[in-house]
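Student: Sharing upload-v1.txt here; it has compact mmCIF, C-alpha atoms.
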```
# COMPACT_ATOMS: atom_id res chain seq x y z
CA MET A 19 8.79 2.91 18.27
CA ASN A 20 5.86 0.56 17.74
CA LYS A 21 6.74 -2.48 15.70
CA LYS A 22 4.18 -3.40 13.08
CA ILE A 23 3.10 -7.02 13.18
CA VAL A 24 1.46 -7.90 9.88
CA CYS A 25 -0.36 -11.21 9.62
CA LEU A 26 -2.59 -13.03 7.18
CA SER A 27 -5.80 -14.43 8.66
CA PRO A 28 -7.70 -17.01 6.64
CA PHE A 29 -10.90 -15.63 5.13
CA ARG A 30 -14.10 -16.61 6.88
CA GLU A 31 -17.45 -16.54 5.15
CA THR A 32 -18.63 -14.00 7.73
CA ASP A 33 -15.90 -11.67 6.34
CA ARG A 34 -17.34 -11.68 2.81
CA GLU A 35 -19.40 -8.48 2.83
CA GLN A 36 -16.79 -6.36 4.58
CA PHE A 37 -13.99 -7.85 2.45
CA ILE A 38 -15.86 -6.82 -0.70
CA LYS A 39 -16.54 -3.31 0.60
CA ASP A 40 -12.94 -2.85 1.76
CA ASN A 41 -11.63 -4.11 -1.59
CA GLN A 42 -13.85 -1.77 -3.58
CA LYS A 43 -12.90 1.19 -1.39
CA ALA A 44 -9.18 0.54 -1.88
CA PHE A 45 -9.46 0.00 -5.65
CA ASN A 46 -11.70 3.04 -6.12
CA TYR A 47 -9.16 5.18 -4.26
CA GLY A 48 -6.52 4.61 -6.94
CA ALA A 49 -8.92 5.18 -9.81
CA MET A 50 -10.35 8.33 -8.27
CA GLU A 51 -6.83 9.68 -7.68
CA GLU A 52 -6.03 9.17 -11.35
CA PHE A 53 -9.31 9.97 -13.09
CA GLY A 54 -11.78 11.56 -10.73
CA MET A 55 -15.13 10.91 -12.36
CA ARG A 56 -14.04 12.09 -15.83
CA ASP A 57 -13.59 8.62 -17.34
CA ASN A 58 -15.77 5.55 -17.07
CA HIS A 59 -13.48 2.80 -15.79
CA PHE A 60 -16.03 1.52 -13.32
CA GLU A 61 -17.65 -1.92 -13.68
CA GLU A 62 -20.92 -1.55 -11.79
CA ASP A 63 -22.51 0.90 -9.40
CA GLU A 64 -19.46 3.18 -9.79
CA GLN A 65 -17.05 0.47 -8.57
CA ILE A 66 -13.68 -0.03 -10.27
CA ILE A 67 -13.98 -3.72 -9.43
CA SER A 68 -17.36 -5.38 -9.31
CA ARG A 69 -18.80 -7.49 -6.54
CA ASP A 70 -19.01 -10.36 -9.03
CA THR A 71 -15.31 -10.10 -9.89
CA ILE A 72 -14.33 -10.09 -6.21
CA GLU A 73 -16.65 -12.97 -5.34
CA LYS A 74 -15.31 -15.09 -8.21
CA SER A 75 -11.81 -14.41 -6.99
CA ILE A 76 -12.68 -15.33 -3.38
CA ASP A 77 -14.54 -18.47 -4.43
CA GLY A 78 -11.77 -19.63 -6.76
CA GLY A 79 -8.75 -18.98 -4.59
CA GLU A 80 -7.28 -18.64 -1.13
CA ALA A 81 -8.51 -15.44 0.52
CA TYR A 82 -6.93 -13.77 3.54
CA ARG A 83 -7.52 -10.68 5.65
CA ILE A 84 -4.42 -8.60 6.28
CA THR A 85 -4.08 -7.46 9.87
CA CYS A 86 -1.59 -5.06 11.41
CA ASN A 87 -1.23 -5.27 15.17
CA GLY A 88 -4.57 -7.08 15.29
CA LYS A 89 -6.52 -4.53 13.21
CA ILE A 90 -7.94 -5.53 9.80
CA VAL A 91 -6.26 -3.28 7.22
CA GLY A 92 -6.70 -5.13 3.92
CA GLY A 93 -6.99 -8.43 2.15
CA LEU A 94 -5.68 -10.59 -0.61
CA VAL A 95 -6.60 -13.55 -2.77
CA ILE A 96 -4.13 -15.96 -4.34
CA LYS A 97 -4.38 -19.08 -6.49
CA VAL A 98 -1.69 -21.72 -6.33
CA GLU A 99 -1.35 -24.64 -8.71
CA GLY A 100 1.85 -26.56 -8.11
CA GLU A 101 4.83 -24.30 -8.82
CA HIS A 102 2.71 -21.46 -10.23
CA GLY A 103 0.99 -18.83 -8.13
CA GLU A 104 -1.29 -15.99 -9.06
CA LEU A 105 -1.95 -12.93 -6.97
CA GLU A 106 -5.56 -12.16 -7.84
CA LEU A 107 -6.18 -9.31 -5.40
CA LEU A 108 -4.14 -7.41 -2.86
CA PHE A 109 -5.47 -4.31 -1.19
CA VAL A 110 -4.62 -2.20 1.82
CA SER A 111 -6.94 0.42 3.24
CA PRO A 112 -5.98 3.86 1.85
CA GLU A 113 -5.60 5.13 5.43
CA GLU A 114 -2.81 2.57 5.90
CA HIS A 115 -0.87 3.20 2.66
CA SER A 116 2.89 3.80 2.73
CA LYS A 117 3.42 1.98 6.03
CA GLY A 118 4.98 -1.22 4.64
CA ILE A 119 1.86 -3.29 5.24
CA GLY A 120 1.37 -4.45 1.64
CA TYR A 121 4.99 -5.51 1.36
CA ALA A 122 4.88 -7.34 4.70
CA ALA A 123 1.69 -9.11 3.58
CA TRP A 124 3.36 -10.14 0.32
CA CYS A 125 6.33 -11.54 2.26
CA GLU A 126 3.86 -13.63 4.27
CA VAL A 127 2.37 -15.01 1.03
CA GLU A 128 5.82 -16.09 -0.14
CA LYS A 129 6.41 -17.85 3.20
CA LEU A 130 3.02 -19.59 2.94
CA HIS A 131 3.89 -21.06 -0.46
CA PRO A 132 7.62 -21.77 -0.78
CA GLU A 133 6.78 -24.34 -3.48
CA VAL A 134 5.78 -21.58 -5.91
CA LEU A 135 8.54 -20.86 -8.42
CA VAL A 136 6.71 -18.21 -10.46
CA TRP A 137 4.18 -15.69 -9.19
CA GLU A 138 2.01 -13.67 -11.56
CA THR A 139 -0.29 -10.67 -11.22
CA CYS A 140 -1.81 -7.84 -13.27
CA THR A 141 -2.67 -4.21 -12.65
CA PRO A 142 -4.21 -1.45 -14.77
CA TYR A 143 -1.81 0.84 -16.66
CA PHE A 144 -2.82 3.87 -14.56
CA GLU A 145 -2.03 2.34 -11.15
CA LYS A 146 1.43 3.90 -10.78
CA ARG A 147 1.41 3.12 -7.08
CA ASN A 148 0.79 -0.59 -7.78
CA ILE A 149 3.40 -0.70 -10.54
CA HIS A 150 5.97 0.79 -8.17
CA PHE A 151 4.94 -1.65 -5.44
CA TYR A 152 5.20 -4.78 -7.57
CA VAL A 153 8.41 -3.84 -9.38
CA ASN A 154 10.42 -1.83 -6.86
CA ARG A 155 9.25 -3.34 -3.58
CA CYS A 156 8.26 -6.95 -4.30
CA GLY A 157 10.67 -7.82 -7.12
CA PHE A 158 8.19 -8.53 -9.91
CA HIS A 159 9.04 -7.75 -13.53
CA ILE A 160 6.68 -6.38 -16.17
CA VAL A 161 6.49 -9.12 -18.79
CA GLU A 162 3.52 -8.08 -20.89
CA PHE A 163 1.30 -5.11 -21.64
CA PHE A 164 -2.24 -5.98 -22.70
CA ASN A 165 -3.98 -3.34 -24.83
CA SER A 166 -6.07 -3.05 -27.98
CA TYR A 167 -3.06 -4.19 -30.08
CA HIS A 168 -2.05 -7.05 -27.77
CA GLN A 169 -5.08 -8.49 -26.00
CA ASP A 170 -5.07 -10.81 -23.01
CA PRO A 171 -6.09 -14.21 -24.41
CA ASN A 172 -7.47 -15.20 -20.99
CA ASP A 173 -9.69 -12.14 -20.51
CA PRO A 174 -13.33 -12.93 -21.32
CA ASP A 175 -13.91 -9.22 -22.02
CA THR A 176 -11.53 -9.30 -25.00
CA LYS A 177 -12.88 -12.25 -26.97
CA ASP A 178 -13.82 -11.88 -30.62
CA ASP A 179 -11.35 -9.04 -31.29
CA GLU A 180 -13.05 -6.65 -28.87
CA THR A 181 -11.04 -4.46 -26.54
CA ASP A 182 -11.40 -4.66 -22.79
CA GLU A 183 -14.23 -2.21 -22.11
CA GLN A 184 -13.07 -1.42 -18.59
CA PHE A 185 -9.37 -0.80 -19.32
CA PRO A 186 -9.05 -0.20 -23.07
CA GLU A 187 -5.73 1.62 -22.48
CA GLY A 188 -4.21 -1.51 -21.01
CA MET A 189 -3.12 -3.77 -18.18
CA PHE A 190 0.39 -4.73 -17.15
CA ARG A 191 1.16 -8.38 -16.42
CA PHE A 192 3.95 -9.05 -13.93
CA GLU A 193 5.93 -12.14 -13.00
CA LYS A 194 8.25 -12.88 -10.12
CA ASN A 195 10.64 -15.76 -10.63
CA MET A 196 11.54 -17.27 -7.27
CA LYS A 197 14.39 -19.47 -8.59
```
Can the structure from this file be put into structure tokens for me?

Tutor:
Amino acid sequence: MNKKIVCLSPFRETDREQFIKDNQKAFNYGAMEEFGMRDNHFEEDEQIISRDTIEKSIDGGEAYRITCNGKIVGGLVIKVEGEHGELELLFVSPEEHSKGIGYAAWCEVEKLHPEVLVWETCTPYFEKRNIHFYVNRCGFHIVEFFNSYHQDPNDPDTKDDETDEQFPEGMFRFEKNMK
């Protein structure tokens, strides 16, 4: 049996273009599984997550490539401020799903930042696979559901009593208390 060795490699600027493409491919996979092309949940150029969103995340956080046995299979971006951490992005190539890679990568994040007492992340309401992953595998708890009746105060798309155009049906917010 081959043992999987999952590692996080610090993002290099030369990774940017492929990181963005890999991220969009992984995020589109979940949306296409759920919706096909029947609903418009795509930000730009038929992408569930825009280049701009990914670049802002990369530029504002710590980005890593996820490797398994030396092969790039995904990526993630986190932000850490003292005892609070935010998982901005985590994606694994659809060809590598259900192999424990995402969970192993998350365990590496926790080892990287033992000072973090509370981790936070969000995922769209339709991403059943992500919800299962965060709750049942990683130990997060759903703490909030953003929707047209309870809007995310930090989402620029929901200012002035407007609903989030991309995910009007909602986003789950998760927390993991490390105490």

Student: Counting all atoms listed in the file, which residue out of A:Tyr82, A:Phe158, A:Tyr143, A:Phe109 sits closest to Ser27 in chain A?

Tutor: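 Answer, going by the shortest atom-to-atom distance: A:Tyr82.
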
Student: Mind listing as an MDAnalysis selection string all residues within 12 Å of (5.7, -21.2, 0.0), counting only C-alpha atoms?

Tutor: chainID A and resid 96 98:103 124:137 196

Student: Any chance you can output those residues with C-alpha atoms as a compact mmCIF listing (two decimals), keeping the file's coordinate frame?

Tutor:
```txt
# COMPACT_ATOMS: atom_id res chain seq x y z
CA ILE A 96 -4.13 -15.96 -4.34
CA VAL A 98 -1.69 -21.72 -6.33
CA GLU A 99 -1.35 -24.64 -8.71
CA GLY A 100 1.85 -26.56 -8.11
CA GLU A 101 4.83 -24.30 -8.82
CA HIS A 102 2.71 -21.46 -10.23
CA GLY A 103 0.99 -18.83 -8.13
CA TRP A 124 3.36 -10.14 0.32
CA CYS A 125 6.33 -11.54 2.26
CA GLU A 126 3.86 -13.63 4.27
CA VAL A 127 2.37 -15.01 1.03
CA GLU A 128 5.82 -16.09 -0.14
CA LYS A 129 6.41 -17.85 3.20
CA LEU A 130 3.02 -19.59 2.94
CA HIS A 131 3.89 -21.06 -0.46
CA PRO A 132 7.62 -21.77 -0.78
CA GLU A 133 6.78 -24.34 -3.48
CA VAL A 134 5.78 -21.58 -5.91
CA LEU A 135 8.54 -20.86 -8.42
CA VAL A 136 6.71 -18.21 -10.46
CA TRP A 137 4.18 -15.69 -9.19
CA MET A 196 11.54 -17.27 -7.27
```

Student: Excluding Arg83 in chain A and residues on its chain fewer than 2 positions from it, collect all residues at most 7 Å away from it, counting all atoms listed in the file, and give them as a list in words.

Tutor: Leu26, Ser27, Pro28, Phe29, Thr85, Ile90, Gly92, Gly93 and Leu94 of chain A

Student: Tell me which of A:Glu187, A:Glu193, A:Asp70, A:Glu104 sits closest to Val161 in chain A, counting all atoms listed in the file.

Tutor: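 So, comparing all the options, the nearest one is A:Glu193.
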
Student: So how far away is CA of Asp170 in chain A from CA of Leu105 in chain A, in Å?

Tutor: 16.5 Å

Student: From the options A:Asp33, A:Ile119, A:Asn172, A:Phe190, which residue's atoms come nearest to Arg155 in chain A, counting all atoms listed in the file?

Tutor: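 Among A:Asp33, A:Ile119, A:Asn172, A:Phe190, it is A:Ile119 that comes nearest to Arg155 in chain A.
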
Student: Show me the residues close to (-14.4, -1.6, 4.2) - anything with an atom within 8 Å, counting all atoms listed in the file - and format the list as number ranges by chain.

Tutor: A: 36-43, 111

Student: Would you mind reading off the distance between CA of Ile66 in chain A and CA of Leu107 in chain A, one decimal, in Å?

Tutor: 12.9 Å

Student: Calculate how many Å separate CA of Pro171 in chain A from CA of Tyr121 in chain A, rounding to one decimal.

Tutor: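 That distance, rounded to one decimal, is 29.4 Å.
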
Student: Counting all atoms listed in the file, which residue out of A:Ile72, A:Ile160, A:Ile23, A:Met189 sits closest to Lys89 in chain A?

Tutor: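 When distances to Lys89 in chain A are compared using all atoms listed in the file, the smallest one comes from A:Ile23.
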
Student: Would you mind telling me which residue in A:Lys197, A:Arg34, A:Lys22, A:His150 lies nearest to Cys86 in chain A when using only C-alpha atoms?

Tutor: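 Ranking A:Lys197, A:Arg34, A:Lys22, A:His150 by distance to Cys86 in chain A, first place goes to A:Lys22.
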
Student: Pick out the residues sitting within 6 Å of Asn165 in chain A, and hand them over as a PyMOL selection string; count only C-alpha atoms, and ignore anything fewer than 3 positions along from it in its own chain.

Tutor: chain A and resi 168-169+187-188

Student: With C-alpha atoms kept, could you save the residues just selected as a PDB file, keeping the file's coordinate frame?

Tutor:
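Saved file out-v8.pdb follows:
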```pdb
ATOM      1  CA  HIS A 168      -2.050  -7.050 -27.770  1.00  0.00           C
ATOM      2  CA  GLN A 169      -5.080  -8.490 -26.000  1.00  0.00           C
ATOM      3  CA  GLU A 187      -5.730   1.620 -22.480  1.00  0.00           C
ATOM      4  CA  GLY A 188      -4.210  -1.510 -21.010  1.00  0.00           C
TER       5      GLY A 188
END
```

Student: Would you please work out which residue, of A:Ala122, A:Leu108, A:Ile67, A:Cys25, is nearest to Thr139 in chain A when using all atoms listed in the file?

Tutor: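 Among the listed residues, the smallest separation from Thr139 in chain A belongs to A:Leu108.
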
Student: Could you add whatever atoms are missing so that range 61-80 of chain A carries N, CA, C and O atoms, then write the result as a PDB file, keeping the file's coordinate frame?

Tutor:
```pdb
ATOM      1  N   GLU A  61     -16.904  -0.758 -13.196  1.00  0.00           N
ATOM      2  CA  GLU A  61     -17.650  -1.920 -13.680  1.00  0.00           C
ATOM      3  C   GLU A  61     -19.142  -1.803 -13.402  1.00  0.00           C
ATOM      4  O   GLU A  61     -19.957  -1.946 -14.273  1.00  0.00           O
ATOM      5  N   GLU A  62     -19.500  -1.593 -12.158  1.00  0.00           N
ATOM      6  CA  GLU A  62     -20.920  -1.550 -11.790  1.00  0.00           C
ATOM      7  C   GLU A  62     -21.093  -0.655 -10.594  1.00  0.00           C
ATOM      8  O   GLU A  62     -20.221  -0.576  -9.730  1.00  0.00           O
ATOM      9  N   ASP A  63     -22.195   0.040 -10.541  1.00  0.00           N
ATOM     10  CA  ASP A  63     -22.510   0.900  -9.400  1.00  0.00           C
ATOM     11  C   ASP A  63     -21.320   1.763  -8.996  1.00  0.00           C
ATOM     12  O   ASP A  63     -21.014   1.913  -7.815  1.00  0.00           O
ATOM     13  N   GLU A  64     -20.609   2.304 -10.009  1.00  0.00           N
ATOM     14  CA  GLU A  64     -19.460   3.180  -9.790  1.00  0.00           C
ATOM     15  C   GLU A  64     -18.353   2.505  -8.973  1.00  0.00           C
ATOM     16  O   GLU A  64     -17.695   3.126  -8.139  1.00  0.00           O
ATOM     17  N   GLN A  65     -18.133   1.222  -9.215  1.00  0.00           N
ATOM     18  CA  GLN A  65     -17.050   0.470  -8.570  1.00  0.00           C
ATOM     19  C   GLN A  65     -16.019   0.120  -9.633  1.00  0.00           C
ATOM     20  O   GLN A  65     -16.367  -0.362 -10.706  1.00  0.00           O
ATOM     21  N   ILE A  66     -14.750   0.316  -9.327  1.00  0.00           N
ATOM     22  CA  ILE A  66     -13.680  -0.030 -10.270  1.00  0.00           C
ATOM     23  C   ILE A  66     -13.564  -1.542 -10.418  1.00  0.00           C
ATOM     24  O   ILE A  66     -13.136  -2.047 -11.443  1.00  0.00           O
ATOM     25  N   ILE A  67     -13.977  -2.258  -9.392  1.00  0.00           N
ATOM     26  CA  ILE A  67     -13.980  -3.720  -9.430  1.00  0.00           C
ATOM     27  C   ILE A  67     -15.328  -4.191  -8.895  1.00  0.00           C
ATOM     28  O   ILE A  67     -15.751  -3.786  -7.814  1.00  0.00           O
ATOM     29  N   SER A  68     -15.994  -4.997  -9.668  1.00  0.00           N
ATOM     30  CA  SER A  68     -17.360  -5.380  -9.310  1.00  0.00           C
ATOM     31  C   SER A  68     -17.401  -6.419  -8.200  1.00  0.00           C
ATOM     32  O   SER A  68     -16.446  -7.165  -7.977  1.00  0.00           O
ATOM     33  N   ARG A  69     -18.531  -6.462  -7.557  1.00  0.00           N
ATOM     34  CA  ARG A  69     -18.800  -7.490  -6.540  1.00  0.00           C
ATOM     35  C   ARG A  69     -18.607  -8.876  -7.158  1.00  0.00           C
ATOM     36  O   ARG A  69     -17.984  -9.745  -6.559  1.00  0.00           O
ATOM     37  N   ASP A  70     -19.118  -9.069  -8.367  1.00  0.00           N
ATOM     38  CA  ASP A  70     -19.010 -10.360  -9.030  1.00  0.00           C
ATOM     39  C   ASP A  70     -17.547 -10.757  -9.240  1.00  0.00           C
ATOM     40  O   ASP A  70     -17.172 -11.903  -8.995  1.00  0.00           O
ATOM     41  N   THR A  71     -16.738  -9.827  -9.681  1.00  0.00           N
ATOM     42  CA  THR A  71     -15.310 -10.100  -9.890  1.00  0.00           C
ATOM     43  C   THR A  71     -14.641 -10.512  -8.583  1.00  0.00           C
ATOM     44  O   THR A  71     -13.883 -11.480  -8.534  1.00  0.00           O
ATOM     45  N   ILE A  72     -14.922  -9.783  -7.519  1.00  0.00           N
ATOM     46  CA  ILE A  72     -14.330 -10.090  -6.210  1.00  0.00           C
ATOM     47  C   ILE A  72     -14.811 -11.440  -5.714  1.00  0.00           C
ATOM     48  O   ILE A  72     -14.013 -12.259  -5.236  1.00  0.00           O
ATOM     49  N   GLU A  73     -16.101 -11.700  -5.827  1.00  0.00           N
ATOM     50  CA  GLU A  73     -16.650 -12.970  -5.340  1.00  0.00           C
ATOM     51  C   GLU A  73     -16.066 -14.156  -6.114  1.00  0.00           C
ATOM     52  O   GLU A  73     -15.752 -15.181  -5.514  1.00  0.00           O
ATOM     53  N   LYS A  74     -15.922 -14.012  -7.430  1.00  0.00           N
ATOM     54  CA  LYS A  74     -15.310 -15.090  -8.210  1.00  0.00           C
ATOM     55  C   LYS A  74     -13.882 -15.346  -7.757  1.00  0.00           C
ATOM     56  O   LYS A  74     -13.437 -16.490  -7.678  1.00  0.00           O
ATOM     57  N   SER A  75     -13.178 -14.283  -7.456  1.00  0.00           N
ATOM     58  CA  SER A  75     -11.810 -14.410  -6.990  1.00  0.00           C
ATOM     59  C   SER A  75     -11.771 -15.134  -5.633  1.00  0.00           C
ATOM     60  O   SER A  75     -11.005 -16.084  -5.445  1.00  0.00           O
ATOM     61  N   ILE A  76     -12.607 -14.695  -4.711  1.00  0.00           N
ATOM     62  CA  ILE A  76     -12.680 -15.330  -3.380  1.00  0.00           C
ATOM     63  C   ILE A  76     -13.022 -16.804  -3.512  1.00  0.00           C
ATOM     64  O   ILE A  76     -12.367 -17.666  -2.918  1.00  0.00           O
ATOM     65  N   ASP A  77     -14.053 -17.102  -4.302  1.00  0.00           N
ATOM     66  CA  ASP A  77     -14.540 -18.470  -4.430  1.00  0.00           C
ATOM     67  C   ASP A  77     -13.576 -19.387  -5.156  1.00  0.00           C
ATOM     68  O   ASP A  77     -13.601 -20.597  -4.951  1.00  0.00           O
ATOM     69  N   GLY A  78     -12.697 -18.811  -5.986  1.00  0.00           N
ATOM     70  CA  GLY A  78     -11.770 -19.630  -6.760  1.00  0.00           C
ATOM     71  C   GLY A  78     -10.357 -19.681  -6.228  1.00  0.00           C
ATOM     72  O   GLY A  78      -9.488 -20.303  -6.827  1.00  0.00           O
ATOM     73  N   GLY A  79     -10.116 -19.027  -5.093  1.00  0.00           N
ATOM     74  CA  GLY A  79      -8.750 -18.980  -4.590  1.00  0.00           C
ATOM     75  C   GLY A  79      -8.670 -19.083  -3.075  1.00  0.00           C
ATOM     76  O   GLY A  79      -9.623 -19.478  -2.418  1.00  0.00           O
ATOM     77  N   GLU A  80      -7.517 -18.722  -2.576  1.00  0.00           N
ATOM     78  CA  GLU A  80      -7.280 -18.640  -1.130  1.00  0.00           C
ATOM     79  C   GLU A  80      -7.371 -17.177  -0.738  1.00  0.00           C
ATOM     80  O   GLU A  80      -6.568 -16.366  -1.200  1.00  0.00           O
TER      81      GLU A  80
END
```
